[in-house]
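J.: Contents of model_7.cif (mmCIF, C-alpha atoms):
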```cif
data_work
#
loop_
_atom_site.group_PDB
_atom_site.id
_atom_site.type_symbol
_atom_site.label_atom_id
_atom_site.label_comp_id
_atom_site.auth_asym_id
_atom_site.auth_seq_id
_atom_site.Cartn_x
_atom_site.Cartn_y
_atom_site.Cartn_z
ATOM 1 C CA MET A 39 5.117 11.458 13.433
ATOM 2 C CA ASN A 40 6.956 9.578 10.722
ATOM 3 C CA ASN A 41 4.517 8.945 7.874
ATOM 4 C CA ASP A 42 6.588 6.110 6.461
ATOM 5 C CA ASN A 43 6.220 4.185 9.718
ATOM 6 C CA ASN A 44 9.985 3.934 10.087
ATOM 7 C CA SER A 45 11.250 4.448 13.614
ATOM 8 C CA THR A 46 14.616 5.912 14.528
ATOM 9 C CA GLU A 47 17.863 4.213 13.649
ATOM 10 C CA GLY A 48 18.148 3.063 17.244
ATOM 11 C CA SER A 49 14.970 1.016 17.056
ATOM 12 C CA HIS A 50 16.307 -0.702 13.932
ATOM 13 C CA GLU A 51 19.578 -1.845 15.432
ATOM 14 C CA LYS A 52 18.462 -5.392 16.128
ATOM 15 C CA ILE A 53 16.942 -5.666 12.680
ATOM 16 C CA ALA A 54 20.136 -4.478 11.038
ATOM 17 C CA GLU A 55 22.041 -7.095 13.004
ATOM 18 C CA ALA A 56 19.913 -9.942 11.677
ATOM 19 C CA PRO A 57 22.044 -12.747 10.275
ATOM 20 C CA THR A 58 23.244 -12.168 6.735
ATOM 21 C CA SER A 59 23.636 -15.848 5.948
ATOM 22 C CA LYS A 60 20.828 -18.340 5.770
ATOM 23 C CA PRO A 61 20.292 -20.179 9.061
ATOM 24 C CA SER A 62 21.313 -23.811 8.804
ATOM 25 C CA SER A 63 17.925 -24.863 10.184
ATOM 26 C CA LEU A 64 16.133 -23.292 7.220
ATOM 27 C CA ASP A 65 16.596 -24.878 3.840
ATOM 28 C CA ASP A 66 14.510 -22.114 2.290
ATOM 29 C CA LEU A 67 12.518 -19.197 3.585
ATOM 30 C CA ASP A 68 9.818 -19.672 0.939
ATOM 31 C CA ASN A 69 7.762 -21.554 3.514
ATOM 32 C CA LEU A 70 5.199 -19.645 5.573
ATOM 33 C CA ASP A 71 6.120 -21.146 8.922
ATOM 34 C CA ALA A 72 9.861 -20.828 8.348
ATOM 35 C CA LEU A 73 9.514 -17.274 7.090
ATOM 36 C CA SER A 74 7.298 -16.288 10.003
ATOM 37 C CA GLN A 75 9.749 -17.701 12.535
ATOM 38 C CA TYR A 76 12.661 -16.003 10.806
ATOM 39 C CA ILE A 77 10.984 -12.584 10.847
ATOM 40 C CA LYS A 78 10.048 -12.970 14.513
ATOM 41 C CA SER A 79 13.571 -14.041 15.479
ATOM 42 C CA ALA A 80 15.085 -11.092 13.613
ATOM 43 C CA LYS A 81 12.499 -8.720 14.982
ATOM 44 C CA GLY A 82 14.370 -8.134 18.229
ATOM 45 C CA THR A 83 12.688 -5.629 20.486
ATOM 46 C CA ARG A 84 10.917 -3.575 17.823
ATOM 47 C CA GLU A 85 7.824 -1.892 19.184
ATOM 48 C CA GLY A 86 4.719 -0.769 17.354
ATOM 49 C CA ARG A 87 4.619 -0.579 13.578
ATOM 50 C CA ALA A 88 8.328 -0.054 12.871
ATOM 51 C CA ILE A 89 9.357 -1.184 9.390
ATOM 52 C CA PRO A 90 12.687 -2.996 8.947
ATOM 53 C CA PRO A 91 15.400 -1.161 6.955
ATOM 54 C CA LEU A 92 14.628 -3.105 3.782
ATOM 55 C CA GLU A 93 16.633 -0.698 1.640
ATOM 56 C CA LYS A 94 19.776 -1.804 3.491
ATOM 57 C CA TRP A 95 19.248 -5.479 2.697
ATOM 58 C CA HIS A 96 20.699 -6.799 -0.563
ATOM 59 C CA PRO A 97 20.097 -10.560 -0.690
ATOM 60 C CA GLU A 98 21.236 -12.390 -3.810
ATOM 61 C CA ASP A 99 19.056 -15.448 -3.275
ATOM 62 C CA ILE A 100 15.635 -15.199 -4.959
ATOM 63 C CA ALA A 101 12.827 -17.723 -4.544
ATOM 64 C CA ASP A 102 9.175 -17.886 -5.553
ATOM 65 C CA MET A 103 6.180 -18.484 -3.324
ATOM 66 C CA ASP A 104 2.619 -19.311 -4.323
ATOM 67 C CA LEU A 105 1.268 -16.266 -2.536
ATOM 68 C CA THR A 106 -1.046 -13.688 -4.116
ATOM 69 C CA ILE A 107 -2.382 -10.421 -2.763
ATOM 70 C CA LYS A 108 -5.801 -10.153 -4.355
ATOM 71 C CA ALA A 109 -7.293 -6.972 -5.793
ATOM 72 C CA ASN A 110 -9.570 -6.712 -2.748
ATOM 73 C CA GLY A 111 -6.631 -6.862 -0.325
ATOM 74 C CA GLU A 112 -6.956 -10.531 0.653
ATOM 75 C CA TRP A 113 -3.793 -12.657 0.900
ATOM 76 C CA TRP A 114 -4.016 -16.158 -0.600
ATOM 77 C CA HIS A 115 -1.408 -18.886 -0.213
ATOM 78 C CA GLU A 116 -1.485 -22.080 -2.279
ATOM 79 C CA GLY A 117 -5.125 -21.552 -3.174
ATOM 80 C CA GLY A 118 -6.372 -20.775 0.322
ATOM 81 C CA GLN A 119 -7.044 -17.442 1.987
ATOM 82 C CA MET A 120 -4.698 -16.443 4.800
ATOM 83 C CA THR A 121 -7.064 -15.583 7.649
ATOM 84 C CA ARG A 122 -4.508 -14.977 10.410
ATOM 85 C CA GLU A 123 -4.400 -11.192 10.468
ATOM 86 C CA SER A 124 -1.309 -11.152 12.653
ATOM 87 C CA LEU A 125 0.599 -13.254 10.115
ATOM 88 C CA VAL A 126 -0.500 -11.088 7.182
ATOM 89 C CA SER A 127 0.474 -7.937 9.082
ATOM 90 C CA LEU A 128 3.845 -9.451 9.909
ATOM 91 C CA PHE A 129 4.574 -10.281 6.271
ATOM 92 C CA ALA A 130 3.380 -6.836 5.185
ATOM 93 C CA THR A 131 6.290 -5.269 7.070
ATOM 94 C CA ILE A 132 8.744 -6.868 4.622
ATOM 95 C CA LEU A 133 6.868 -6.118 1.391
ATOM 96 C CA TRP A 134 9.246 -4.827 -1.279
ATOM 97 C CA LYS A 135 8.688 -3.491 -4.782
ATOM 98 C CA GLU A 136 11.120 -3.451 -7.706
ATOM 99 C CA GLU A 137 10.932 -2.299 -11.311
ATOM 100 C CA ASN A 138 12.775 -4.680 -13.640
ATOM 101 C CA ASN A 139 12.861 -3.895 -17.370
ATOM 102 C CA GLY A 140 9.475 -2.211 -17.242
ATOM 103 C CA THR A 141 7.922 -4.964 -15.123
ATOM 104 C CA THR A 142 6.835 -4.401 -11.546
ATOM 105 C CA GLU A 143 7.728 -7.224 -9.181
ATOM 106 C CA TYR A 144 6.844 -7.683 -5.520
ATOM 107 C CA PHE A 145 8.807 -9.609 -2.910
ATOM 108 C CA LEU A 146 8.872 -10.513 0.741
ATOM 109 C CA LYS A 147 12.383 -9.326 1.543
ATOM 110 C CA THR A 148 14.688 -10.577 4.284
ATOM 111 C CA PRO A 149 18.440 -10.039 4.744
ATOM 112 C CA VAL A 150 19.124 -13.457 3.199
ATOM 113 C CA GLN A 151 16.433 -13.940 0.552
ATOM 114 C CA LYS A 152 13.879 -12.193 -1.659
ATOM 115 C CA ILE A 153 10.704 -14.210 -2.094
ATOM 116 C CA ARG A 154 8.728 -13.256 -5.187
ATOM 117 C CA ILE A 155 4.946 -13.034 -4.761
ATOM 118 C CA GLN A 156 2.067 -11.935 -6.986
ATOM 119 C CA VAL A 157 0.036 -8.744 -6.500
ATOM 120 C CA GLU A 158 -3.115 -8.276 -8.549
ATOM 121 C CA ASP A 159 -3.519 -4.566 -7.855
ATOM 122 C CA ALA A 160 -2.091 -2.652 -4.878
ATOM 123 C CA PRO A 161 -0.179 -4.525 -2.158
ATOM 124 C CA LEU A 162 -1.864 -2.571 0.656
ATOM 125 C CA LEU A 163 -5.477 -1.638 1.430
ATOM 126 C CA ILE A 164 -6.642 1.448 3.347
ATOM 127 C CA ASN A 165 -9.767 0.808 5.378
ATOM 128 C CA ASP A 166 -9.911 3.821 7.683
ATOM 129 C CA VAL A 167 -9.413 7.582 7.588
ATOM 130 C CA GLY A 168 -9.776 10.179 10.308
ATOM 131 C CA ILE A 169 -8.751 13.663 11.359
ATOM 132 C CA VAL A 170 -5.992 14.034 13.928
ATOM 133 C CA HIS A 171 -4.864 17.252 15.614
ATOM 134 C CA GLU A 172 -1.223 17.888 16.430
ATOM 135 C CA ASP A 173 0.528 21.150 17.324
ATOM 136 C CA ASP A 174 -2.453 23.269 16.271
ATOM 137 C CA MET A 175 -2.502 21.464 12.919
ATOM 138 C CA SER A 176 -5.114 19.074 11.522
ATOM 139 C CA TRP A 177 -4.114 16.103 9.404
ATOM 140 C CA LEU A 178 -5.991 13.486 7.424
ATOM 141 C CA GLU A 179 -4.625 10.183 8.701
ATOM 142 C CA PHE A 180 -5.128 6.893 6.844
ATOM 143 C CA THR A 181 -4.733 3.353 8.204
ATOM 144 C CA THR A 182 -4.229 0.167 6.222
ATOM 145 C CA THR A 183 -5.610 -3.248 7.110
ATOM 146 C CA THR A 184 -2.070 -4.335 7.956
ATOM 147 C CA GLY A 185 -1.312 -1.492 10.355
ATOM 148 C CA ASP A 186 0.420 1.209 8.323
ATOM 149 C CA VAL A 187 -0.522 4.767 9.278
ATOM 150 C CA VAL A 188 0.126 7.591 6.837
ATOM 151 C CA ARG A 189 -0.958 11.217 6.569
ATOM 152 C CA LEU A 190 -1.961 13.074 3.444
ATOM 153 C CA ASP A 191 0.880 15.385 2.435
ATOM 154 C CA ASP A 192 2.990 16.194 -0.600
ATOM 155 C CA ALA A 193 4.990 12.967 -0.257
ATOM 156 C CA HIS A 194 1.907 10.813 0.291
ATOM 157 C CA SER A 195 -0.499 11.857 -2.412
ATOM 158 C CA ILE A 196 -3.752 10.332 -3.627
ATOM 159 C CA VAL A 197 -4.120 9.320 -7.266
ATOM 160 C CA LEU A 198 -6.888 7.927 -9.438
ATOM 161 C CA LYS A 199 -5.710 5.169 -11.752
ATOM 162 C CA ALA A 200 -7.469 2.884 -14.183
ATOM 163 C CA TYR A 201 -7.760 -0.725 -13.084
ATOM 164 C CA ASN A 202 -8.771 -3.509 -15.434
ATOM 165 C CA SER A 203 -10.388 -6.214 -13.332
ATOM 166 C CA ASN A 204 -10.256 -8.586 -16.311
ATOM 167 C CA LYS A 205 -6.468 -8.716 -16.228
ATOM 168 C CA SER A 206 -6.577 -10.996 -13.196
ATOM 169 C CA ASP A 207 -8.755 -13.779 -11.921
ATOM 170 C CA SER A 208 -9.335 -12.053 -8.605
ATOM 171 C CA ASN A 209 -12.445 -12.630 -6.624
ATOM 172 C CA LYS A 210 -14.837 -9.779 -5.883
ATOM 173 C CA SER A 211 -12.961 -6.504 -5.743
ATOM 174 C CA ASP A 212 -13.573 -3.647 -3.334
ATOM 175 C CA PHE A 213 -14.965 -1.501 -6.137
ATOM 176 C CA ASN A 214 -17.610 -2.139 -8.756
ATOM 177 C CA ASN A 215 -17.197 -1.000 -12.343
ATOM 178 C CA SER A 216 -19.878 1.623 -11.751
ATOM 179 C CA ASP A 217 -18.085 3.206 -8.801
ATOM 180 C CA PHE A 218 -15.582 5.026 -11.005
ATOM 181 C CA SER A 219 -14.981 5.410 -14.735
ATOM 182 C CA GLU A 220 -11.809 4.958 -16.733
ATOM 183 C CA SER A 221 -8.828 7.272 -16.612
ATOM 184 C CA ASP A 222 -6.285 7.127 -19.415
ATOM 185 C CA GLN A 223 -3.659 8.492 -17.045
ATOM 186 C CA ALA A 224 -3.320 8.758 -13.281
ATOM 187 C CA ASN A 225 -5.318 11.663 -11.845
ATOM 188 C CA GLN A 226 -3.174 12.921 -9.003
ATOM 189 C CA MET A 227 -4.492 14.807 -6.046
ATOM 190 C CA SER A 228 -2.656 18.114 -6.107
ATOM 191 C CA THR A 229 -2.999 21.701 -5.031
ATOM 192 C CA ALA A 230 -6.134 23.524 -6.116
ATOM 193 C CA ASP A 231 -4.197 25.426 -8.821
ATOM 194 C CA ASP A 232 -3.554 22.169 -10.675
ATOM 195 C CA VAL A 233 -7.151 20.957 -10.837
ATOM 196 C CA ALA A 234 -7.738 22.580 -14.227
ATOM 197 C CA ASP A 235 -5.122 20.247 -15.715
ATOM 198 C CA SER A 236 -7.058 17.096 -14.807
ATOM 199 C CA GLN A 237 -7.557 14.700 -17.716
ATOM 200 C CA GLU A 238 -10.794 13.708 -19.360
ATOM 201 C CA LEU A 239 -12.276 10.445 -18.081
ATOM 202 C CA ALA A 240 -13.840 7.706 -20.188
ATOM 203 C CA SER A 241 -16.182 4.932 -19.051
ATOM 204 C CA THR A 242 -14.880 1.472 -19.910
ATOM 205 C CA GLU A 243 -12.706 0.530 -16.909
ATOM 206 C CA GLN A 244 -12.682 1.119 -13.198
ATOM 207 C CA VAL A 245 -10.804 4.067 -11.806
ATOM 208 C CA ARG A 246 -9.691 3.394 -8.269
ATOM 209 C CA PRO A 247 -8.142 5.730 -5.665
ATOM 210 C CA TYR A 248 -4.661 4.933 -4.383
ATOM 211 C CA MET A 249 -2.274 6.487 -1.911
ATOM 212 C CA MET A 250 1.505 6.301 -1.608
ATOM 213 C CA VAL A 251 2.509 4.678 1.675
ATOM 214 C CA ARG A 252 6.164 3.583 1.934
ATOM 215 C CA ASN A 253 9.083 2.201 -0.063
ATOM 216 C CA GLY A 254 7.224 2.836 -3.308
ATOM 217 C CA LEU A 255 4.250 0.776 -2.131
ATOM 218 C CA THR A 256 0.765 2.082 -2.812
ATOM 219 C CA ALA A 257 -2.474 1.285 -1.018
ATOM 220 C CA LEU A 258 -5.933 1.088 -2.514
ATOM 221 C CA ILE A 259 -8.360 3.324 -0.636
ATOM 222 C CA GLY A 260 -11.349 1.098 0.082
ATOM 223 C CA ARG A 261 -14.753 2.131 -1.198
ATOM 224 C CA ASN A 262 -16.323 2.883 2.183
ATOM 225 C CA THR A 263 -13.221 4.808 3.224
ATOM 226 C CA PHE A 264 -13.287 6.865 0.039
ATOM 227 C CA TYR A 265 -16.965 7.652 0.533
ATOM 228 C CA HIS A 266 -16.132 8.798 4.063
ATOM 229 C CA LEU A 267 -13.400 10.961 2.558
ATOM 230 C CA THR A 268 -15.983 12.723 0.383
ATOM 231 C CA GLU A 269 -17.939 13.483 3.559
ATOM 232 C CA ILE A 270 -14.867 14.872 5.308
ATOM 233 C CA GLY A 271 -13.858 17.038 2.350
ATOM 234 C CA ALA A 272 -15.675 19.762 0.460
ATOM 235 C CA LEU A 273 -17.382 19.084 -2.873
ATOM 236 C CA SER A 274 -17.742 21.803 -5.475
ATOM 237 C CA GLU A 275 -18.448 22.149 -9.197
ATOM 238 C CA GLU A 276 -15.894 23.482 -11.659
ATOM 239 C CA ASN A 277 -16.212 23.417 -15.452
ATOM 240 C CA GLY A 278 -18.877 20.749 -15.212
ATOM 241 C CA LYS A 279 -16.768 18.525 -12.950
ATOM 242 C CA THR A 280 -17.072 17.698 -9.283
ATOM 243 C CA ILE A 281 -14.022 18.715 -7.275
ATOM 244 C CA LEU A 282 -13.183 17.104 -3.934
ATOM 245 C CA THR A 283 -11.030 19.364 -1.759
ATOM 246 C CA LEU A 284 -9.300 18.035 1.346
ATOM 247 C CA GLN A 285 -7.392 19.866 4.067
ATOM 248 C CA SER A 286 -4.350 18.242 5.665
ATOM 249 C CA GLY A 287 -1.311 19.713 7.384
ATOM 250 C CA GLY A 288 -2.309 23.253 6.516
ATOM 251 C CA GLN A 289 -2.394 22.432 2.801
ATOM 252 C CA SER A 290 -5.313 22.139 0.408
ATOM 253 C CA TYR A 291 -5.497 19.115 -1.893
ATOM 254 C CA SER A 292 -8.039 18.835 -4.662
ATOM 255 C CA LEU A 293 -9.146 15.951 -6.836
ATOM 256 C CA SER A 294 -11.218 16.103 -9.992
ATOM 257 C CA MET A 295 -13.815 13.406 -9.483
ATOM 258 C CA PRO A 296 -14.630 11.037 -12.349
ATOM 259 C CA THR A 297 -17.971 11.342 -14.107
ATOM 260 C CA ASP A 298 -20.128 8.581 -15.555
#
```
Give the structure from this file in structure tokens form.
T.:
Amino acid sequence: MNNDNNSTEGSHEKIAEAPTSKPSSLDDLDNLDALSQYIKSAKGTREGRAIPPLEKWHPEDIADMDLTIKANGEWWHEGGQMTRESLVSLFATILWKEENNGTTEYFLKTPVQKIRIQVEDAPLLINDVGIVHEDDMSWLEFTTTTGDVVRLDDAHSIVLKAYNSNKSDSNKSDFNNSDFSESDQANQMSTADDVADSQELASTEQVRPYMMVRNGLTALIGRNTFYHLTEIGALSEENGKTILTLQSGGQSYSLSMPTD
């Protein structure tokens, strides 16, 4: 299984052959209907959750769209929530992240245009986790609301990071301030030998769990999913802290849980 949800080069051929100049029928792609039609027309015969080869696209045209991914994973366009799950999932396949002069920017990326959008927290949301068995190996497999599937391994780690809900005007988030306490630095899930290096946690901001998914994009692990994760894993006490240990792909991953 490919954790980044990218299929083989063969399945991307039609995507790679998408037109590199803007279709004459589209004045701009920063329109939901036009963008949706463009993605579908360039989609070719892709099957399943294949992700286009975004890293091979280098459009020079940049536009802005009034589209915000809220801190609770909802997509809002021009002040209204996007309720068509199929449309949101379609747009999620072309999410792109860039670091520009210390600022993180998010785009919907096509071969002909990058459309800048706003992301309040993480661009993806994980709402399910389960155990899968493959070749005598057990894996923890996570699924996002938009269809990404990723397994816990060294390349797809879990981190705890502080999130200040006051920095945005988002509606109700997936976590309450009391669910986690503040972390001055990211607390990365690592091998058990590294647990002793976990940082001290304060109690003024939320700390939320995130997981690397693809193309530098992270996903927030939803509250119910994280609670289920604590039931799947093993909890222990070490130096006055609660340690969550998870098994995936024959490896042990441990996380120092925040305290109140």
J.: Care to translate the PyMOL selection byres ((chain A and resi 254) around 9) into actual residues of this file, as a PDB file with C-alpha atoms, in the coordinates of the input?
T.:
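Heads up, here's the output in selection25.pdb:
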```pdb
ATOM      1  CA  TRP A 134       9.246  -4.827  -1.279  1.00  0.00           C
ATOM      2  CA  LYS A 135       8.688  -3.491  -4.782  1.00  0.00           C
ATOM      3  CA  GLU A 136      11.120  -3.451  -7.706  1.00  0.00           C
ATOM      4  CA  MET A 250       1.505   6.301  -1.608  1.00  0.00           C
ATOM      5  CA  VAL A 251       2.509   4.678   1.675  1.00  0.00           C
ATOM      6  CA  ARG A 252       6.164   3.583   1.934  1.00  0.00           C
ATOM      7  CA  ASN A 253       9.083   2.201  -0.063  1.00  0.00           C
ATOM      8  CA  LEU A 255       4.250   0.776  -2.131  1.00  0.00           C
ATOM      9  CA  THR A 256       0.765   2.082  -2.812  1.00  0.00           C
TER      10      THR A 256
END
```
J.: Contacts of stretch 92-103 of chain A at 6 Å or less, counting all atoms listed in the file, minus same-chain residues fewer than 5 places along, as a PDB file with C-alpha atoms, in the coordinates of the input?
T.:
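This is the output file around.pdb:
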```pdb
ATOM      1  CA  ASP A  68       9.818 -19.672   0.939  1.00  0.00           C
ATOM      2  CA  PRO A 149      18.440 -10.039   4.744  1.00  0.00           C
ATOM      3  CA  VAL A 150      19.124 -13.457   3.199  1.00  0.00           C
ATOM      4  CA  GLN A 151      16.433 -13.940   0.552  1.00  0.00           C
ATOM      5  CA  LYS A 152      13.879 -12.193  -1.659  1.00  0.00           C
ATOM      6  CA  ILE A 153      10.704 -14.210  -2.094  1.00  0.00           C
ATOM      7  CA  ARG A 154       8.728 -13.256  -5.187  1.00  0.00           C
ATOM      8  CA  ILE A 155       4.946 -13.034  -4.761  1.00  0.00           C
TER       9      ILE A 155
END
```
J.: Carefully work through the PyMOL selection byres ((chain A and resi 259) around 10) for this structure and note down the residues it includes, as a list in words.
T.: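 This file gives the following for the PyMOL selection byres ((chain A and resi 259) around 10): Ala160, Leu162, Leu163, Ile164, Asn165, Asp166, Val167, Phe180, Thr181, Thr182, Ile196, Val197, Asp212, Phe213, Arg246, Pro247, Tyr248, Met249, Thr256, Ala257, Leu258, Gly260, Arg261, Asn262, Thr263, Phe264, Tyr265 and Leu267 of chain A.
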J.: Apply the PyMOL selection byres ((chain A and resi 287) around 7) to the displayed file and report the matching residues as an NGL selection string.
T.: :A and (175-177 or 191 or 285-286 or 288-289)
J.: May I ask for the distance between atom CA of A:Gly185 and atom CA of A:Leu133, given in Å to one decimal place?
T.: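 These atoms are spaced 13.0 Å apart.
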J.: Just the residues within 10 Å of A:Val126, please, counting only C-alpha atoms, with nothing from its chain fewer than 3 positions along; format it as a VMD selection string.
T.: chain A and resid 74 112 to 114 120 to 123 129 to 131 183 to 184
J.: Would you place a box with edges along x, y and z of the file around all atoms of stretch 144-163 of chain A listed there, add 4 Å to each of its six sides, and report the centre and edge lengths in Å to one decimal, as AutoDock Vina command-line options?
T.:
```
--center_x 6.8 --center_y -7.9 --center_z -1.9 --size_x 32.6 --size_y 20.6 --size_z 21.3
```
J.: For atom CA of A:Pro90 and atom CA of A:Lys147, determine how far apart the two atoms are, in Å to one decimal place.
T.: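 Computing it gives 9.7 Å between the two atoms.
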J.: Just how far from atom CA of A:Arg189 is atom CA of A:Gly271, in Å to one decimal?
T.: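 Separation between atom CA of A:Gly271 and atom CA of A:Arg189: 14.8 Å.
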J.: Hey, which of A:Glu143, A:Ser290, A:Gln156, A:Pro161 ends up closest to A:Asp192? Count all atoms listed in the file.
T.: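 Among the listed residues, A:Ser290 lies closest to A:Asp192.
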J.: Can you tell me, as a list in words, which residues sit within 10 Å of (-7.9, 15.2, -1.8) in the file's frame, using only C-alpha atoms?
T.: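 Output: Leu178, Leu190, Asp191, Ser195, Ile196, Val197, Gln226, Met227, Ser228, Thr229, Ala230, Leu267, Thr268, Ile270, Gly271, Ala272, Ile281, Leu282, Thr283, Leu284, Gln285, Ser286, Ser290, Tyr291, Ser292, Leu293, Ser294 and Met295 of chain A.
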